[in-house]
>>> print(open('work_37.csv').read())   # CSV, C-alpha atoms and all ligand atoms
chain,number,residue,atom,x,y,z
U,1,MET,CA,-31.2,31.3,-12.6
U,2,PHE,CA,-27.5,31.8,-12.0
U,3,SER,CA,-25.3,31.3,-15.1
U,4,ASN,CA,-22.7,28.7,-14.7
U,5,THR,CA,-20.8,30.2,-17.6
U,6,ILE,CA,-20.4,33.5,-15.7
U,7,PHE,CA,-19.3,31.7,-12.6
U,8,LEU,CA,-16.6,29.7,-14.5
U,9,ALA,CA,-15.2,33.0,-15.8
U,10,ILE,CA,-14.7,34.0,-12.2
U,11,ALA,CA,-13.2,30.6,-11.3
U,12,ALA,CA,-10.8,31.0,-14.2
U,13,THR,CA,-9.1,33.8,-12.3
U,14,LEU,CA,-8.0,31.3,-9.7
U,15,PRO,CA,-4.3,30.5,-9.6
U,16,LEU,CA,-3.5,27.1,-11.1
U,17,ALA,CA,-1.0,26.2,-8.4
U,18,PHE,CA,-1.6,26.4,-4.7
U,19,SER,CA,1.1,27.1,-2.2
U,20,SER,CA,-0.7,25.5,0.7
U,21,PRO,CA,-0.2,21.8,1.0
U,22,ILE,CA,-3.1,19.4,0.9
U,23,PRO,CA,-3.9,18.5,4.6
U,24,ALA,CA,-2.9,15.1,5.7
U,25,PRO,CA,-5.8,12.6,6.0
U,26,ALA,CA,-7.5,13.0,9.4
U,27,VAL,CA,-7.3,10.4,12.0
U,28,ALA,CA,-10.8,9.2,12.8
U,29,GLN,CA,-12.0,10.9,16.0
U,30,THR,CA,-14.3,8.1,17.1
U,31,SER,CA,-15.1,10.0,20.4
U,32,ALA,CA,-16.7,12.9,18.6
U,33,LEU,CA,-20.3,13.0,17.4
U,34,ASN,CA,-20.8,14.2,13.8
U,35,ASP,CA,-17.1,14.4,13.2
U,36,THR,CA,-15.8,17.0,10.8
U,37,ASP,CA,-13.1,16.3,8.3
U,38,SER,CA,-9.7,17.4,9.6
U,39,ILE,CA,-10.9,20.9,10.6
U,40,GLN,CA,-8.7,23.0,12.9
U,41,SER,CA,-10.1,25.6,15.3
U,42,GLY,CA,-10.3,29.2,14.1
U,43,PRO,CA,-7.9,31.9,15.5
U,44,ALA,CA,-10.5,33.4,17.9
U,45,TRP,CA,-12.6,31.6,20.5
U,46,TYR,CA,-16.1,32.7,21.1
U,47,SER,CA,-18.2,31.1,23.9
U,48,GLY,CA,-21.2,31.8,26.0
U,49,PRO,CA,-24.8,32.5,24.8
U,50,TYR,CA,-25.5,33.3,21.2
U,51,TYR,CA,-25.2,37.1,21.7
U,52,ASN,CA,-21.5,36.6,22.6
U,53,PHE,CA,-20.9,35.5,19.0
U,54,PRO,CA,-20.3,37.8,16.0
U,55,SER,CA,-23.4,39.7,14.9
U,56,ILE,CA,-24.7,39.4,11.4
U,57,ASP,CA,-23.6,42.9,10.4
U,58,THR,CA,-20.0,41.7,10.8
U,59,TRP,CA,-20.5,38.9,8.3
U,60,LEU,CA,-19.2,39.2,4.7
U,61,GLY,CA,-21.4,39.2,1.6
U,62,PHE,CA,-21.9,35.7,0.1
U,63,ASP,CA,-19.9,36.2,-3.1
U,64,ASP,CA,-16.9,37.6,-1.2
U,65,MET,CA,-17.1,34.8,1.3
U,66,PHE,CA,-17.4,32.2,-1.5
U,67,ASN,CA,-14.5,33.6,-3.5
U,68,ARG,CA,-12.2,33.5,-0.5
U,69,ASN,CA,-13.0,29.8,0.0
U,70,LYS,CA,-12.4,28.6,-3.6
U,71,ASN,CA,-8.6,28.0,-3.1
U,72,SER,CA,-9.4,25.8,-0.1
U,73,MET,CA,-11.9,23.8,-2.1
U,74,SER,CA,-9.4,23.3,-4.9
U,75,ALA,CA,-6.6,22.3,-2.5
U,76,ASN,CA,-8.9,19.6,-1.3
U,77,GLY,CA,-9.3,18.2,-4.8
U,78,ASP,CA,-12.4,19.9,-6.2
U,79,THR,CA,-12.3,20.6,-9.9
U,80,GLY,CA,-13.3,24.0,-11.2
U,81,ASP,CA,-16.7,22.5,-12.3
U,82,ASP,CA,-17.2,21.1,-8.8
U,83,ILE,CA,-16.7,24.6,-7.3
U,84,GLY,CA,-19.1,26.2,-9.7
U,85,ARG,CA,-21.6,23.5,-8.9
U,86,ILE,CA,-21.2,24.1,-5.2
U,87,TYR,CA,-22.0,27.7,-5.8
U,88,ASN,CA,-25.1,26.8,-7.8
U,89,ALA,CA,-26.2,24.2,-5.2
U,90,ILE,CA,-25.9,26.8,-2.4
U,91,LYS,CA,-28.0,29.3,-4.3
U,92,ASP,CA,-30.6,26.5,-4.9
U,93,ALA,CA,-30.6,25.2,-1.3
U,94,ALA,CA,-31.0,28.7,0.1
U,95,THR,CA,-34.5,28.7,-1.3
U,96,ILE,CA,-35.3,26.2,1.6
U,97,GLY,CA,-35.0,29.3,3.8
U,98,VAL,CA,-31.4,29.3,5.1
U,99,ASP,CA,-28.9,32.1,4.6
U,100,GLU,CA,-26.5,31.1,1.8
U,101,ARG,CA,-23.6,32.3,3.9
U,102,VAL,CA,-24.5,29.9,6.7
U,103,ILE,CA,-24.8,27.0,4.2
U,104,LEU,CA,-21.3,27.8,2.9
U,105,GLY,CA,-20.0,28.1,6.5
U,106,ILE,CA,-21.3,24.6,7.4
U,107,ILE,CA,-19.8,23.2,4.1
U,108,MET,CA,-16.4,24.7,4.9
U,109,GLN,CA,-16.5,23.5,8.5
U,110,GLU,CA,-17.6,20.0,7.7
U,111,SER,CA,-15.5,19.2,4.6
U,112,HIS,CA,-13.6,22.2,3.3
U,113,GLY,CA,-16.0,21.9,0.4
U,114,ASP,CA,-14.4,18.6,-0.7
U,115,VAL,CA,-17.1,16.9,-2.7
U,116,GLY,CA,-15.3,13.6,-2.3
U,117,VAL,CA,-15.0,13.9,1.5
U,118,ARG,CA,-15.0,10.7,3.5
U,119,THR,CA,-18.0,9.4,5.3
U,120,THR,CA,-17.6,9.6,9.1
U,121,TYR,CA,-19.3,7.5,11.7
U,122,SER,CA,-20.6,8.3,15.2
U,123,PRO,CA,-19.6,6.0,18.1
U,124,GLU,CA,-23.0,4.3,17.5
U,125,GLY,CA,-22.0,3.7,13.9
U,126,ILE,CA,-24.4,6.3,12.4
U,127,PRO,CA,-22.8,7.6,9.1
U,128,THR,CA,-22.7,11.3,8.3
U,129,ALA,CA,-21.8,11.8,4.6
U,130,GLY,CA,-21.2,14.4,2.0
U,131,ILE,CA,-19.9,17.9,2.0
U,132,MET,CA,-22.3,18.8,4.8
U,133,GLN,CA,-21.6,15.6,6.7
U,134,CYS,CA,-25.2,14.9,7.6
U,135,SER,CA,-27.0,11.7,8.6
U,136,GLY,CA,-29.1,10.4,5.7
U,137,CYS,CA,-27.1,12.4,3.2
U,138,ASN,CA,-25.4,11.0,0.1
U,139,GLY,CA,-21.6,10.9,0.0
U,140,TYR,CA,-19.1,10.3,-2.8
U,141,PRO,CA,-15.8,9.4,-0.9
U,142,GLY,CA,-12.7,9.9,-3.0
U,143,GLN,CA,-14.6,11.2,-6.0
U,144,HIS,CA,-14.3,14.5,-7.8
U,145,GLY,CA,-15.8,15.9,-11.0
U,146,LEU,CA,-19.4,15.2,-9.7
U,147,SER,CA,-22.5,16.1,-11.5
U,148,GLN,CA,-24.7,19.1,-10.5
U,149,ASP,CA,-27.4,16.7,-9.3
U,150,GLN,CA,-24.9,14.9,-7.0
U,151,ILE,CA,-23.6,18.1,-5.5
U,152,THR,CA,-27.0,19.6,-5.2
U,153,SER,CA,-28.3,16.5,-3.4
U,154,MET,CA,-25.6,16.8,-0.8
U,155,VAL,CA,-26.2,20.5,-0.2
U,156,ARG,CA,-30.0,20.2,-0.1
U,157,GLY,CA,-29.7,17.3,2.3
U,158,GLY,CA,-27.5,19.3,4.7
U,159,THR,CA,-29.6,22.4,4.3
U,160,GLU,CA,-32.8,20.6,5.0
U,161,HIS,CA,-31.2,19.1,8.1
U,162,PHE,CA,-30.1,22.6,9.3
U,163,LYS,CA,-33.5,24.1,8.5
U,164,ALA,CA,-35.0,21.6,10.9
U,165,ASN,CA,-32.5,22.7,13.6
U,166,LEU,CA,-33.3,26.3,12.8
U,167,ARG,CA,-37.0,25.7,13.3
U,168,ASP,CA,-36.2,24.4,16.8
U,169,TRP,CA,-34.8,27.9,17.6
U,170,GLY,CA,-37.5,30.1,16.2
U,171,ASP,CA,-36.5,30.0,12.5
U,172,GLN,CA,-35.4,33.6,12.5
U,173,GLN,CA,-32.8,35.3,10.2
U,174,ALA,CA,-31.1,36.2,13.5
U,175,THR,CA,-28.1,34.9,15.5
U,176,SER,CA,-30.6,33.9,18.3
U,177,SER,CA,-31.8,31.2,15.9
U,178,ILE,CA,-28.7,30.5,13.8
U,179,TYR,CA,-26.0,30.0,16.4
U,180,PRO,CA,-28.0,27.5,18.6
U,181,ALA,CA,-29.1,25.7,15.4
U,182,LEU,CA,-25.4,25.3,14.4
U,183,ARG,CA,-24.7,23.8,17.8
U,184,GLU,CA,-27.7,21.4,17.3
U,185,TYR,CA,-26.5,20.5,13.8
U,186,ASN,CA,-23.1,19.4,15.2
U,187,SER,CA,-24.2,17.9,18.5
U,188,GLY,CA,-27.8,16.8,17.8
U,189,SER,CA,-29.0,19.0,20.7
U,190,VAL,CA,-28.1,22.2,22.6
U,191,CYS,CA,-27.0,20.9,26.0
U,192,ASP,CA,-26.0,24.3,27.3
U,193,GLN,CA,-27.7,27.5,25.9
U,194,ASN,CA,-25.4,29.5,28.1
U,195,ASP,CA,-22.3,28.1,26.3
U,196,LEU,CA,-22.6,27.3,22.6
U,197,SER,CA,-19.0,26.2,22.8
U,198,ASN,CA,-20.0,23.3,25.0
U,199,GLY,CA,-19.9,20.6,22.3
U,200,CYS,CA,-22.0,18.1,24.3
U,201,GLY,CA,-19.3,15.5,23.2
U,202,ALA,CA,-19.0,16.8,19.6
U,203,THR,CA,-16.8,19.6,18.3
U,204,ALA,CA,-16.5,22.3,21.0
U,205,SER,CA,-15.3,25.1,18.6
U,206,TYR,CA,-18.0,24.4,16.0
U,207,VAL,CA,-20.1,27.5,16.4
U,208,SER,CA,-17.1,29.7,17.1
U,209,ASP,CA,-15.3,28.4,14.0
U,210,ILE,CA,-18.3,29.0,11.7
U,211,SER,CA,-18.9,32.4,13.1
U,212,GLN,CA,-15.4,33.3,12.0
U,213,ARG,CA,-15.9,31.8,8.6
U,214,LEU,CA,-18.9,34.1,8.2
U,215,GLN,CA,-16.4,37.0,8.9
U,216,GLY,CA,-13.9,35.7,6.3
U,217,TRP,CA,-11.7,33.2,8.1
U,218,VAL,CA,-10.5,30.6,5.7
U,219,ASP,CA,-8.4,27.5,6.3
G,1,LIG,C1,-25.5,14.7,14.7
G,1,LIG,O1,-25.6,13.7,15.6
G,1,LIG,C2,-26.8,13.7,16.3
G,1,LIG,C3,-26.8,12.5,17.3
G,1,LIG,O2,-26.6,11.3,16.6
G,1,LIG,C4,-28.0,13.6,15.3
G,1,LIG,O3,-29.2,13.7,16.1
G,1,LIG,C5,-27.9,14.7,14.3
G,1,LIG,O4,-28.9,14.6,13.4
G,1,LIG,C6,-26.5,14.7,13.7
G,1,LIG,N1,-26.4,15.9,12.8
G,1,LIG,C7,-26.2,15.7,11.5
G,1,LIG,C8,-25.9,17.0,10.7
G,1,LIG,O5,-26.2,14.7,10.9
>>> encode(input="work_37.csv", output="structure tokens")
Amino acid sequence: MFSNTIFLAIAATLPLAFSSPIPAPAVAQTSALNDTDSIQSGPAWYSGPYYNFPSIDTWLGFDDMFNRNKNSMSANGDTGDDIGRIYNAIKDAATIGVDERVILGIIMQESHGDVGVRTTYSPEGIPTAGIMQCSGCNGYPGQHGLSQDQITSMVRGGTEHFKANLRDWGDQQATSSIYPALREYNSGSVCDQNDLSNGCGATASYVSDISQRLQGWVD
């Protein structure tokens, strides 16, 4: 089992002050399915079928990717303990059979890792909650300093949801499964396999953005 003590030693190297301002609260985008929380598009734009998106051998290692995202989590209100518990929760949820880097990419895309992220609602009024903004998942809007169980429940819920999407696309540790599954996670379906940046009414840049997070883009 991962030692939280060791992680906190890593977290302690974080600067105590952050130069980047906390983003302004997002205006609710009621036209979008499975809204994400005030996420801007990445610097590059990938589109087309899955093989147009970055290959797995261009992704960072998990610890490197995680360390790069800690400042963003802190800037969105997470405590040092919250961040350590997100790390632990991802390691735990990965045992469901999802690449830990993909779990982290979804977390950063959906909420910047803010454990107190707001709950968003689809046009039909279906809530998506928690750091992975999933239907049926727990949320703790406005709260920080959560317990390991609370954070683990959000990460396991989102990862279970993504695992079901992955199974719809062959459940392989391959971009042919992972990228369409990310589109399905955001949109509920893949309306155009020839363009995973067709958001089907949800976030068009979703797969493109996460593919860049896997390569180290941080916002
Ligand atoms: C996104 O919305 C669709 C349509 O409502 C739904 O089927 C899907 O489960 C949602 N995804 C998540 C992660 O909640």
>>> residues_near_ligand(input="work_37.csv", ligand="ligand LIG 1 (chain G)", cutoff="7 Å", atoms="only C-alpha atoms and all ligand atoms", output="JSON, numbers by chain")
{"U": [33, 34, 122, 126, 128, 133, 134, 135, 158, 161, 185, 186, 187, 188]}
>>> residues_near_point(input="work_37.csv", point="(-33.5, 20.7, 11.2)", cutoff="12 Å", atoms="only C-alpha atoms", output="PyMOL selection string")
chain U and resi 96-98+134-135+156-171+177-178+180-186+188-189
>>> write_last_selection(input="work_37.csv", atoms="C-alpha atoms", output="mmCIF file, in the frame of the given file")
data_model
loop_
_atom_site.group_PDB
_atom_site.id
_atom_site.type_symbol
_atom_site.label_atom_id
_atom_site.label_comp_id
_atom_site.auth_asym_id
_atom_site.auth_seq_id
_atom_site.Cartn_x
_atom_site.Cartn_y
_atom_site.Cartn_z
ATOM 1 C CA ILE U 96 -35.300 26.200 1.600
ATOM 2 C CA GLY U 97 -35.000 29.300 3.800
ATOM 3 C CA VAL U 98 -31.400 29.300 5.100
ATOM 4 C CA CYS U 134 -25.200 14.900 7.600
ATOM 5 C CA SER U 135 -27.000 11.700 8.600
ATOM 6 C CA ARG U 156 -30.000 20.200 -0.100
ATOM 7 C CA GLY U 157 -29.700 17.300 2.300
ATOM 8 C CA GLY U 158 -27.500 19.300 4.700
ATOM 9 C CA THR U 159 -29.600 22.400 4.300
ATOM 10 C CA GLU U 160 -32.800 20.600 5.000
ATOM 11 C CA HIS U 161 -31.200 19.100 8.100
ATOM 12 C CA PHE U 162 -30.100 22.600 9.300
ATOM 13 C CA LYS U 163 -33.500 24.100 8.500
ATOM 14 C CA ALA U 164 -35.000 21.600 10.900
ATOM 15 C CA ASN U 165 -32.500 22.700 13.600
ATOM 16 C CA LEU U 166 -33.300 26.300 12.800
ATOM 17 C CA ARG U 167 -37.000 25.700 13.300
ATOM 18 C CA ASP U 168 -36.200 24.400 16.800
ATOM 19 C CA TRP U 169 -34.800 27.900 17.600
ATOM 20 C CA GLY U 170 -37.500 30.100 16.200
ATOM 21 C CA ASP U 171 -36.500 30.000 12.500
ATOM 22 C CA SER U 177 -31.800 31.200 15.900
ATOM 23 C CA ILE U 178 -28.700 30.500 13.800
ATOM 24 C CA PRO U 180 -28.000 27.500 18.600
ATOM 25 C CA ALA U 181 -29.100 25.700 15.400
ATOM 26 C CA LEU U 182 -25.400 25.300 14.400
ATOM 27 C CA ARG U 183 -24.700 23.800 17.800
ATOM 28 C CA GLU U 184 -27.700 21.400 17.300
ATOM 29 C CA TYR U 185 -26.500 20.500 13.800
ATOM 30 C CA ASN U 186 -23.100 19.400 15.200
ATOM 31 C CA GLY U 188 -27.800 16.800 17.800
ATOM 32 C CA SER U 189 -29.000 19.000 20.700
#
>>> residues_near_point(input="work_37.csv", point="(-26.0, 33.1, 18.6)", cutoff="12 Å", atoms="only C-alpha atoms", output="PyMOL selection string")
chain U and resi 46-56+166+169+172-184+190+193-197+207-208+210-211
>>> atom_distance(input="work_37.csv", atom1="CA of Asn69 in chain U", atom2="CA of Cys200 in chain U")
28.4 Å
>>> closest_residue(input="work_37.csv", among="U:Asn88, U:Thr119, U:Asp82, U:Ala129", to="His144 in chain U", atoms="all atoms listed in the file")
U:Asp82
>>> atom_distance(input="work_37.csv", atom1="CA of Phe66 in chain U", atom2="CA of Thr79 in chain U")
15.2 Å
>>> atom_distance(input="work_37.csv", atom1="CA of Asp78 in chain U", atom2="CA of Asp114 in chain U")
6.0 Å
>>> closest_residue(input="work_37.csv", among="U:Ser72, U:Thr203, U:Ser153, U:Asn198", to="Asp92 in chain U", atoms="only C-alpha atoms")
U:Ser153
>>> residues_around(input="work_37.csv", residues="Met132 in chain U", least_positions_apart="5", cutoff="8 Å", atoms="all atoms listed in the file", output="ChimeraX atom specification")
/U:106-107,110-111,154-155,157-158
>>> closest_residue(input="work_37.csv", among="U:Gln150, U:Asn76, U:Thr58, U:Thr120", to="Met108 in chain U", atoms="only C-alpha atoms")
U:Asn76
>>> closest_residue(input="work_37.csv", among="U:Leu214, U:Ile83, U:Pro123, U:Asp64", to="Ala202 in chain U", atoms="only C-alpha atoms")
U:Pro123
>>> closest_residue(input="work_37.csv", among="U:Gly201, U:Val117, U:Gln109, U:Asp99", to="Trp59 in chain U", atoms="only C-alpha atoms")
U:Asp99
>>> closest_residue(input="work_37.csv", among="U:Gly125, U:Gly77, U:Gly199, U:Pro43", to="His112 in chain U", atoms="all atoms listed in the file")
U:Gly77
>>> axis_aligned_box(input="work_37.csv", around="range 109-126 of chain U", padding_each_side="4 Å", output="lines of an AutoDock Vina configuration file")
center_x = -19.0
center_y = 13.6
center_z = 7.7
size_x = 18.8
size_y = 27.8
size_z = 28.8
